[in-house]
Amino acid sequence: MRLDLGKSMEIDRRRIRRLIRQAHTRERTLDRVIRGQAWLDPVAEAVQKAVGSFYAALGPPGASLKDVMHGTRVLGHPLHPALTDIPIGAWTVGVLADWIFIATGRVPQIAGDLALAVGLAGAILAAIAGYTDFHETEGHERRTAVVHGIAMSGVIAMQAVSLVMRLGPEGMRPAAILLSTLSWLIVVVAAYVGGQLTFGIGSAVNHNAFFDGPMEFVKVGTRDDFPEGEMRRVAANGLPVVILRRQGLLHAIGAVCSHAGGPLHEGELDGDVVTCPWHHSKFRFEDGRVVGGPATFDQPPLFVRERGGVVEVRLAHPLK
Ligand code: FES
């Protein structure tokens, strides 16, 4: 048999080039799989509708409660990720306590039960906050969120069943412990999906976190560019800014909604407050404060000055 070395090396080179190309273009398996699950959309829409109806049925107190569950009020930061630490921590301790009890008997069996119950209470609160955030998701983010939500809701149900079994006849304890252990394993996987949602897709991340913006005054226009009562979008050293003249005075805040990047200059103005056109977060022009969720982060506030008909802005504080 004759071996054509030149030809075989060329094939190898082509194969290597193809592998390198694939390595650079391959989407994460998790994203690729979820992107192909169109059946998740009607499920997600039904859940979003139910969440919206629940808060709407409560009237104005429902809007306040929704802001608390987003973290817009009270915490001033996304609430759901903070709450998830409780069940993950408690259930981890609970599984350890259960198995140490079985293996050595040196941990009282109530330790596992107590940790499970504490985790369950925390998980229910975290789920309420999570479903609240889920209400304003869309596209691939929403599909990922619904996978995370279905898995975690299943875990809550399994842990609740385990708790009931532990309160029953003693002979049910081994099965209850197995059920808790299995649900803890699902938690680990579902938490990974939740992490992908935030760190991979950027859900609930402050959308102004990666801008720089000017710390010295820069020109953004002239007096006539900013008529009374109208919002105008400008760029200040790469930072999108929306400027409003109100009662003769100019006010400026970041133009990219901190929640998911909506264009605030296309929003609705009510006095000093602009409502984002995408999911209706509300921000004050006076200081950029978020006064209505789902956003939990303020808009970057800017100082504005007019000198000789020239309008200049600078950030009130650094963004990072
Ligand atoms: S992008 Fe969601 S409220 Fe603005």
# chains A, B, ... in the order shown; residues from 1 in each chain; ligands from 1

$ closest_atom_pairs --of "stretch 156-264 of chain A" --to "stretch 301-320 of chain A" --cutoff "12 Å" --atoms "only C-alpha atoms" --output "JSON lines"
{"residue": "A:Asn206", "atom": "CA", "partner": "A:Leu319", "partner_atom": "CA", "distance": 10.7}
{"residue": "A:His207", "atom": "CA", "partner": "A:Leu319", "partner_atom": "CA", "distance": 11.1}
{"residue": "A:Asn208", "atom": "CA", "partner": "A:Leu319", "partner_atom": "CA", "distance": 7.7}
{"residue": "A:Ala209", "atom": "CA", "partner": "A:Leu319", "partner_atom": "CA", "distance": 6.7}
{"residue": "A:Phe210", "atom": "CA", "partner": "A:Lys320", "partner_atom": "CA", "distance": 7.9}
{"residue": "A:Phe211", "atom": "CA", "partner": "A:Leu319", "partner_atom": "CA", "distance": 7.0}
{"residue": "A:Asp212", "atom": "CA", "partner": "A:Leu319", "partner_atom": "CA", "distance": 6.3}
{"residue": "A:Gly213", "atom": "CA", "partner": "A:Leu315", "partner_atom": "CA", "distance": 6.7}
{"residue": "A:Pro214", "atom": "CA", "partner": "A:Arg314", "partner_atom": "CA", "distance": 5.2}
{"residue": "A:Met215", "atom": "CA", "partner": "A:Arg314", "partner_atom": "CA", "distance": 5.3}
{"residue": "A:Glu216", "atom": "CA", "partner": "A:Arg314", "partner_atom": "CA", "distance": 5.5}
{"residue": "A:Phe217", "atom": "CA", "partner": "A:Arg314", "partner_atom": "CA", "distance": 4.7}
{"residue": "A:Val218", "atom": "CA", "partner": "A:Glu312", "partner_atom": "CA", "distance": 5.1}
{"residue": "A:Lys219", "atom": "CA", "partner": "A:Glu312", "partner_atom": "CA", "distance": 4.3}
{"residue": "A:Val220", "atom": "CA", "partner": "A:Glu312", "partner_atom": "CA", "distance": 5.6}
{"residue": "A:Gly221", "atom": "CA", "partner": "A:Val311", "partner_atom": "CA", "distance": 5.3}
{"residue": "A:Thr222", "atom": "CA", "partner": "A:Val310", "partner_atom": "CA", "distance": 4.4}
{"residue": "A:Arg223", "atom": "CA", "partner": "A:Gly309", "partner_atom": "CA", "distance": 5.1}
{"residue": "A:Asp224", "atom": "CA", "partner": "A:Gly309", "partner_atom": "CA", "distance": 8.1}
{"residue": "A:Asp225", "atom": "CA", "partner": "A:Val311", "partner_atom": "CA", "distance": 8.9}
{"residue": "A:Phe226", "atom": "CA", "partner": "A:Val311", "partner_atom": "CA", "distance": 8.9}
{"residue": "A:Val234", "atom": "CA", "partner": "A:Val313", "partner_atom": "CA", "distance": 10.2}
{"residue": "A:Ala235", "atom": "CA", "partner": "A:Val313", "partner_atom": "CA", "distance": 9.9}
{"residue": "A:Ala236", "atom": "CA", "partner": "A:Val313", "partner_atom": "CA", "distance": 7.3}
{"residue": "A:Asn237", "atom": "CA", "partner": "A:Arg314", "partner_atom": "CA", "distance": 9.4}
{"residue": "A:Gly238", "atom": "CA", "partner": "A:Arg314", "partner_atom": "CA", "distance": 11.9}
{"residue": "A:Leu239", "atom": "CA", "partner": "A:Leu315", "partner_atom": "CA", "distance": 9.6}
{"residue": "A:Pro240", "atom": "CA", "partner": "A:Leu302", "partner_atom": "CA", "distance": 11.2}
{"residue": "A:Val241", "atom": "CA", "partner": "A:Leu302", "partner_atom": "CA", "distance": 8.5}
{"residue": "A:Val242", "atom": "CA", "partner": "A:Leu302", "partner_atom": "CA", "distance": 9.7}
{"residue": "A:Ile243", "atom": "CA", "partner": "A:Val304", "partner_atom": "CA", "distance": 8.8}
{"residue": "A:Leu244", "atom": "CA", "partner": "A:Val304", "partner_atom": "CA", "distance": 10.2}
{"residue": "A:Arg245", "atom": "CA", "partner": "A:Val304", "partner_atom": "CA", "distance": 10.4}
{"residue": "A:Gly248", "atom": "CA", "partner": "A:Glu306", "partner_atom": "CA", "distance": 11.3}
{"residue": "A:Leu249", "atom": "CA", "partner": "A:Val304", "partner_atom": "CA", "distance": 9.0}
{"residue": "A:Leu250", "atom": "CA", "partner": "A:Val304", "partner_atom": "CA", "distance": 6.4}
{"residue": "A:His251", "atom": "CA", "partner": "A:Val304", "partner_atom": "CA", "distance": 6.4}
{"residue": "A:Ala252", "atom": "CA", "partner": "A:Leu302", "partner_atom": "CA", "distance": 5.3}
{"residue": "A:Ile253", "atom": "CA", "partner": "A:Pro301", "partner_atom": "CA", "distance": 4.5}
{"residue": "A:Gly254", "atom": "CA", "partner": "A:Pro301", "partner_atom": "CA", "distance": 6.6}
{"residue": "A:Ala255", "atom": "CA", "partner": "A:Pro301", "partner_atom": "CA", "distance": 10.1}
{"residue": "A:Val256", "atom": "CA", "partner": "A:Pro301", "partner_atom": "CA", "distance": 11.9}

$ write_last_selection --atoms "C-alpha atoms" --output "PDB file, in the first residue's frame"
ATOM      1  CA  ASN A 206     -27.344  46.055  36.545  1.00  0.00           C
ATOM      2  CA  HIS A 207     -27.246  46.965  32.856  1.00  0.00           C
ATOM      3  CA  ASN A 208     -25.201  50.091  33.596  1.00  0.00           C
ATOM      4  CA  ALA A 209     -22.439  48.099  35.283  1.00  0.00           C
ATOM      5  CA  PHE A 210     -20.128  48.072  32.263  1.00  0.00           C
ATOM      6  CA  PHE A 211     -20.256  51.729  31.239  1.00  0.00           C
ATOM      7  CA  ASP A 212     -17.598  54.242  32.178  1.00  0.00           C
ATOM      8  CA  GLY A 213     -18.948  57.720  31.450  1.00  0.00           C
ATOM      9  CA  PRO A 214     -17.401  61.147  32.066  1.00  0.00           C
ATOM     10  CA  MET A 215     -16.177  62.282  35.474  1.00  0.00           C
ATOM     11  CA  GLU A 216     -15.347  65.699  33.943  1.00  0.00           C
ATOM     12  CA  PHE A 217     -17.921  67.885  32.179  1.00  0.00           C
ATOM     13  CA  VAL A 218     -18.327  67.079  28.475  1.00  0.00           C
ATOM     14  CA  LYS A 219     -20.445  68.883  25.910  1.00  0.00           C
ATOM     15  CA  VAL A 220     -23.612  67.061  24.809  1.00  0.00           C
ATOM     16  CA  GLY A 221     -25.444  69.822  22.947  1.00  0.00           C
ATOM     17  CA  THR A 222     -26.684  73.366  23.061  1.00  0.00           C
ATOM     18  CA  ARG A 223     -29.602  75.019  24.848  1.00  0.00           C
ATOM     19  CA  ASP A 224     -32.001  74.637  21.894  1.00  0.00           C
ATOM     20  CA  ASP A 225     -31.429  70.870  21.753  1.00  0.00           C
ATOM     21  CA  PHE A 226     -33.334  70.429  24.999  1.00  0.00           C
ATOM     22  CA  VAL A 234     -27.308  61.898  23.960  1.00  0.00           C
ATOM     23  CA  ALA A 235     -23.966  60.144  24.425  1.00  0.00           C
ATOM     24  CA  ALA A 236     -21.445  61.360  26.984  1.00  0.00           C
ATOM     25  CA  ASN A 237     -18.076  59.649  26.518  1.00  0.00           C
ATOM     26  CA  GLY A 238     -19.875  56.496  25.413  1.00  0.00           C
ATOM     27  CA  LEU A 239     -22.473  56.588  28.193  1.00  0.00           C
ATOM     28  CA  PRO A 240     -26.037  56.860  26.830  1.00  0.00           C
ATOM     29  CA  VAL A 241     -27.742  59.685  28.733  1.00  0.00           C
ATOM     30  CA  VAL A 242     -31.309  60.960  28.719  1.00  0.00           C
ATOM     31  CA  ILE A 243     -31.765  64.664  29.450  1.00  0.00           C
ATOM     32  CA  LEU A 244     -34.984  66.361  30.493  1.00  0.00           C
ATOM     33  CA  ARG A 245     -35.656  70.074  30.861  1.00  0.00           C
ATOM     34  CA  GLY A 248     -36.451  75.425  32.976  1.00  0.00           C
ATOM     35  CA  LEU A 249     -33.866  73.198  34.702  1.00  0.00           C
ATOM     36  CA  LEU A 250     -31.997  70.351  33.048  1.00  0.00           C
ATOM     37  CA  HIS A 251     -31.813  66.876  34.629  1.00  0.00           C
ATOM     38  CA  ALA A 252     -29.822  63.896  33.323  1.00  0.00           C
ATOM     39  CA  ILE A 253     -29.699  60.167  34.091  1.00  0.00           C
ATOM     40  CA  GLY A 254     -28.366  57.100  32.282  1.00  0.00           C
ATOM     41  CA  ALA A 255     -30.569  56.257  29.287  1.00  0.00           C
ATOM     42  CA  VAL A 256     -30.167  52.456  29.504  1.00  0.00           C
TER      43      VAL A 256
END

$ residues_near_ligand --ligand "ligand 1" --cutoff "10 Å" --atoms "only C-alpha atoms and all ligand atoms" --output "PyMOL selection string"
chain A and resi 136-137+204+207+256-264+267+275-283+292-296

$ select_by_dssp --residues "stretch 170-249 of chain A" --states "strand (DSSP E)" --output "MDAnalysis selection string"
chainID A and resid 218:222 231:236 239:246 249

$ write_last_selection --atoms "N, CA and C atoms" --output "mmCIF file, in the first residue's frame"
data_model
loop_
_atom_site.group_PDB
_atom_site.id
_atom_site.type_symbol
_atom_site.label_atom_id
_atom_site.label_comp_id
_atom_site.auth_asym_id
_atom_site.auth_seq_id
_atom_site.Cartn_x
_atom_site.Cartn_y
_atom_site.Cartn_z
ATOM 1 N N VAL A 218 -18.507 67.175 29.928
ATOM 2 C CA VAL A 218 -18.327 67.079 28.475
ATOM 3 C C VAL A 218 -19.566 67.668 27.799
ATOM 4 N N LYS A 219 -19.340 68.251 26.647
ATOM 5 C CA LYS A 219 -20.445 68.883 25.910
ATOM 6 C C LYS A 219 -21.346 67.815 25.296
ATOM 7 N N VAL A 220 -22.675 68.002 25.422
ATOM 8 C CA VAL A 220 -23.612 67.061 24.809
ATOM 9 C C VAL A 220 -24.632 67.782 23.923
ATOM 10 N N GLY A 221 -24.518 69.097 23.811
ATOM 11 C CA GLY A 221 -25.444 69.822 22.947
ATOM 12 C C GLY A 221 -25.510 71.287 23.333
ATOM 13 N N THR A 222 -26.488 71.947 22.739
ATOM 14 C CA THR A 222 -26.684 73.366 23.061
ATOM 15 C C THR A 222 -28.094 73.545 23.622
ATOM 16 N N MET A 231 -37.786 64.575 26.546
ATOM 17 C CA MET A 231 -36.571 63.804 26.842
ATOM 18 C C MET A 231 -35.732 63.695 25.580
ATOM 19 N N ARG A 232 -34.452 63.865 25.734
ATOM 20 C CA ARG A 232 -33.528 63.746 24.603
ATOM 21 C C ARG A 232 -32.395 62.798 24.991
ATOM 22 N N ARG A 233 -32.082 61.872 24.073
ATOM 23 C CA ARG A 233 -30.971 60.950 24.330
ATOM 24 C C ARG A 233 -29.692 61.482 23.682
ATOM 25 N N VAL A 234 -28.614 61.473 24.471
ATOM 26 C CA VAL A 234 -27.308 61.898 23.960
ATOM 27 C C VAL A 234 -26.281 60.866 24.422
ATOM 28 N N ALA A 235 -25.053 61.012 23.950
ATOM 29 C CA ALA A 235 -23.966 60.144 24.425
ATOM 30 C C ALA A 235 -22.914 61.020 25.084
ATOM 31 N N ALA A 236 -22.480 60.606 26.266
ATOM 32 C CA ALA A 236 -21.445 61.360 26.984
ATOM 33 C C ALA A 236 -20.267 60.415 27.224
ATOM 34 N N LEU A 239 -21.347 56.919 27.303
ATOM 35 C CA LEU A 239 -22.473 56.588 28.193
ATOM 36 C C LEU A 239 -23.764 57.164 27.614
ATOM 37 N N PRO A 240 -24.752 56.313 27.296
ATOM 38 C CA PRO A 240 -26.037 56.860 26.830
ATOM 39 C C PRO A 240 -26.726 57.606 27.986
ATOM 40 N N VAL A 241 -27.160 58.826 27.686
ATOM 41 C CA VAL A 241 -27.742 59.685 28.733
ATOM 42 C C VAL A 241 -29.066 60.234 28.218
ATOM 43 N N VAL A 242 -30.050 60.316 29.102
ATOM 44 C CA VAL A 242 -31.309 60.960 28.719
ATOM 45 C C VAL A 242 -31.428 62.247 29.546
ATOM 46 N N ILE A 243 -31.720 63.341 28.809
ATOM 47 C CA ILE A 243 -31.765 64.664 29.450
ATOM 48 C C ILE A 243 -33.186 65.202 29.352
ATOM 49 N N LEU A 244 -33.642 65.771 30.440
ATOM 50 C CA LEU A 244 -34.984 66.361 30.493
ATOM 51 C C LEU A 244 -34.883 67.782 31.023
ATOM 52 N N ARG A 245 -35.540 68.712 30.296
ATOM 53 C CA ARG A 245 -35.656 70.074 30.861
ATOM 54 C C ARG A 245 -37.028 70.161 31.508
ATOM 55 N N ARG A 246 -37.025 70.454 32.784
ATOM 56 C CA ARG A 246 -38.285 70.532 33.532
ATOM 57 C C ARG A 246 -38.284 71.815 34.343
ATOM 58 N N LEU A 249 -35.138 73.804 34.258
ATOM 59 C CA LEU A 249 -33.866 73.198 34.702
ATOM 60 C C LEU A 249 -33.611 71.876 33.985
#

$ closest_residue --among "A:Ala44, A:Ala117, A:Ile201, A:Ala111" --to "A:Leu30" --atoms "only C-alpha atoms"
A:Ile201

$ closest_residue --among "A:Val274, A:Val95, A:Leu75, A:Ile88" --to "A:Val187" --atoms "only C-alpha atoms"
A:Ile88

$ closest_residue --among "A:Ile102, A:Leu163, A:Ala115, A:Leu269" --to "A:Arg284" --atoms "only C-alpha atoms"
A:Leu269

$ atom_distance --atom1 "atom CA of A:Val146" --atom2 "atom CA of A:Phe134"
7.9 Å

$ residues_around --residues "A:Leu182" --least-positions-apart "3" --cutoff "12 Å" --atoms "only C-alpha atoms" --output "short mmCIF file (atom, residue, chain, number, x, y, z; two decimals) with N, CA and C atoms, in the first residue's frame"
data_model
loop_
_atom_site.label_atom_id
_atom_site.label_comp_id
_atom_site.auth_asym_id
_atom_site.auth_seq_id
_atom_site.Cartn_x
_atom_site.Cartn_y
_atom_site.Cartn_z
N TRP A 91 -30.32 22.83 53.42
CA TRP A 91 -30.49 21.46 52.92
C TRP A 91 -29.16 20.73 52.85
N THR A 92 -28.09 21.46 52.57
CA THR A 92 -26.77 20.81 52.57
C THR A 92 -26.44 20.29 53.97
N VAL A 95 -28.73 17.21 54.74
CA VAL A 95 -28.32 15.93 54.14
C VAL A 95 -27.13 15.36 54.91
N GLY A 154 -40.16 21.47 41.80
CA GLY A 154 -40.21 20.03 42.05
C GLY A 154 -39.47 19.67 43.33
N VAL A 155 -38.33 20.32 43.53
CA VAL A 155 -37.54 20.07 44.74
C VAL A 155 -38.33 20.46 45.99
N ILE A 156 -39.00 21.61 45.92
CA ILE A 156 -39.79 22.05 47.09
C ILE A 156 -40.86 21.00 47.41
N MET A 158 -40.78 17.79 46.71
CA MET A 158 -40.13 16.59 47.24
C MET A 158 -39.72 16.78 48.71
N GLN A 159 -39.19 17.95 49.01
CA GLN A 159 -38.76 18.20 50.40
C GLN A 159 -39.97 18.27 51.33
N SER A 162 -40.93 14.79 52.00
CA SER A 162 -39.96 14.19 52.93
C SER A 162 -40.24 14.62 54.37
N ALA A 175 -36.66 6.22 53.75
CA ALA A 175 -37.17 6.68 52.45
C ALA A 175 -37.19 8.21 52.40
N ALA A 176 -37.55 8.83 53.52
CA ALA A 176 -37.59 10.30 53.58
C ALA A 176 -36.19 10.87 53.38
N ILE A 177 -35.21 10.23 54.00
CA ILE A 177 -33.81 10.71 53.87
C ILE A 177 -33.33 10.54 52.42
N LEU A 178 -33.68 9.42 51.81
CA LEU A 178 -33.31 9.21 50.40
C LEU A 178 -33.93 10.27 49.51
N LEU A 179 -35.20 10.60 49.80
CA LEU A 179 -35.90 11.61 49.00
C LEU A 179 -35.23 12.97 49.15
N LEU A 185 -29.55 16.74 45.30
CA LEU A 185 -28.78 16.59 44.04
C LEU A 185 -29.43 17.40 42.91
N ILE A 186 -30.76 17.40 42.89
CA ILE A 186 -31.45 18.19 41.85
C ILE A 186 -31.20 19.68 42.08
N VAL A 187 -31.15 20.07 43.37
CA VAL A 187 -30.88 21.48 43.70
C VAL A 187 -29.55 21.92 43.10
N VAL A 188 -28.55 21.06 43.22
CA VAL A 188 -27.22 21.42 42.71
C VAL A 188 -27.29 21.71 41.20
N VAL A 189 -28.00 20.84 40.47
CA VAL A 189 -28.12 21.03 39.02
C VAL A 189 -28.96 22.28 38.72
#

$ closest_residue --among "A:Val290, A:Ala160, A:Leu125, A:Val147" --to "A:Leu83" --atoms "only C-alpha atoms"
A:Leu125

$ closest_residue --among "A:Glu45, A:Glu170, A:Glu286, A:Glu266" --to "A:Arg143" --atoms "only C-alpha atoms"
A:Glu45

$ atom_distance --atom1 "atom CA of A:Ala129" --atom2 "atom CA of A:His70"
6.1 Å

$ closest_residue --among "A:Gly229, A:Ala123, A:Asp270, A:Val193" --to "A:Thr29" --atoms "only C-alpha atoms"
A:Val193

$ select_by_dssp --residues "stretch 104-237 of chain A" --states "alpha helix (DSSP H)" --output "PyMOL selection string"
chain A and resi 104+109-134+139-167+173-195

$ atom_distance --atom1 "atom CA of A:His265" --atom2 "atom CA of A:Thr132"
25.8 Å

$ residues_around --residues "stretch 50-54 of chain A" --least-positions-apart "2" --cutoff "9 Å" --atoms "only C-alpha atoms" --output "PyMOL selection string"
chain A and resi 45-48+56-58+62+131-132+134-135

$ write_last_selection --atoms "N, CA and C atoms" --output "PDB file, in the first residue's frame"
ATOM      1  N   GLU A  45     -45.532  31.292  29.463  1.00  0.00           N
ATOM      2  CA  GLU A  45     -46.575  32.330  29.318  1.00  0.00           C
ATOM      3  C   GLU A  45     -47.687  32.125  30.345  1.00  0.00           C
ATOM      4  N   ALA A  46     -48.084  30.854  30.550  1.00  0.00           N
ATOM      5  CA  ALA A  46     -49.147  30.567  31.520  1.00  0.00           C
ATOM      6  C   ALA A  46     -48.715  30.975  32.931  1.00  0.00           C
ATOM      7  N   VAL A  47     -47.457  30.681  33.265  1.00  0.00           N
ATOM      8  CA  VAL A  47     -46.968  31.032  34.609  1.00  0.00           C
ATOM      9  C   VAL A  47     -46.891  32.555  34.749  1.00  0.00           C
ATOM     10  N   GLN A  48     -46.390  33.220  33.721  1.00  0.00           N
ATOM     11  CA  GLN A  48     -46.291  34.689  33.791  1.00  0.00           C
ATOM     12  C   GLN A  48     -47.671  35.321  33.960  1.00  0.00           C
ATOM     13  N   ALA A  56     -51.998  41.676  40.320  1.00  0.00           N
ATOM     14  CA  ALA A  56     -53.028  42.636  39.895  1.00  0.00           C
ATOM     15  C   ALA A  56     -54.265  42.522  40.792  1.00  0.00           C
ATOM     16  N   ALA A  57     -54.597  41.285  41.191  1.00  0.00           N
ATOM     17  CA  ALA A  57     -55.788  41.066  42.017  1.00  0.00           C
ATOM     18  C   ALA A  57     -55.647  41.723  43.393  1.00  0.00           C
ATOM     19  N   LEU A  58     -54.401  41.951  43.821  1.00  0.00           N
ATOM     20  CA  LEU A  58     -54.181  42.566  45.138  1.00  0.00           C
ATOM     21  C   LEU A  58     -54.277  44.086  45.085  1.00  0.00           C
ATOM     22  N   GLY A  62     -50.622  45.121  46.016  1.00  0.00           N
ATOM     23  CA  GLY A  62     -49.954  44.096  45.218  1.00  0.00           C
ATOM     24  C   GLY A  62     -48.728  44.658  44.517  1.00  0.00           C
ATOM     25  N   TYR A 131     -40.485  33.663  41.122  1.00  0.00           N
ATOM     26  CA  TYR A 131     -41.616  33.755  40.190  1.00  0.00           C
ATOM     27  C   TYR A 131     -41.937  35.216  39.876  1.00  0.00           C
ATOM     28  N   THR A 132     -41.710  36.086  40.856  1.00  0.00           N
ATOM     29  CA  THR A 132     -41.953  37.520  40.632  1.00  0.00           C
ATOM     30  C   THR A 132     -40.981  38.052  39.579  1.00  0.00           C
ATOM     31  N   PHE A 134     -39.496  36.281  37.378  1.00  0.00           N
ATOM     32  CA  PHE A 134     -39.790  35.554  36.142  1.00  0.00           C
ATOM     33  C   PHE A 134     -40.846  36.272  35.297  1.00  0.00           C
ATOM     34  N   HIS A 135     -41.723  36.999  35.971  1.00  0.00           N
ATOM     35  CA  HIS A 135     -42.825  37.689  35.283  1.00  0.00           C
ATOM     36  C   HIS A 135     -42.323  38.598  34.169  1.00  0.00           C
TER      37      HIS A 135
END
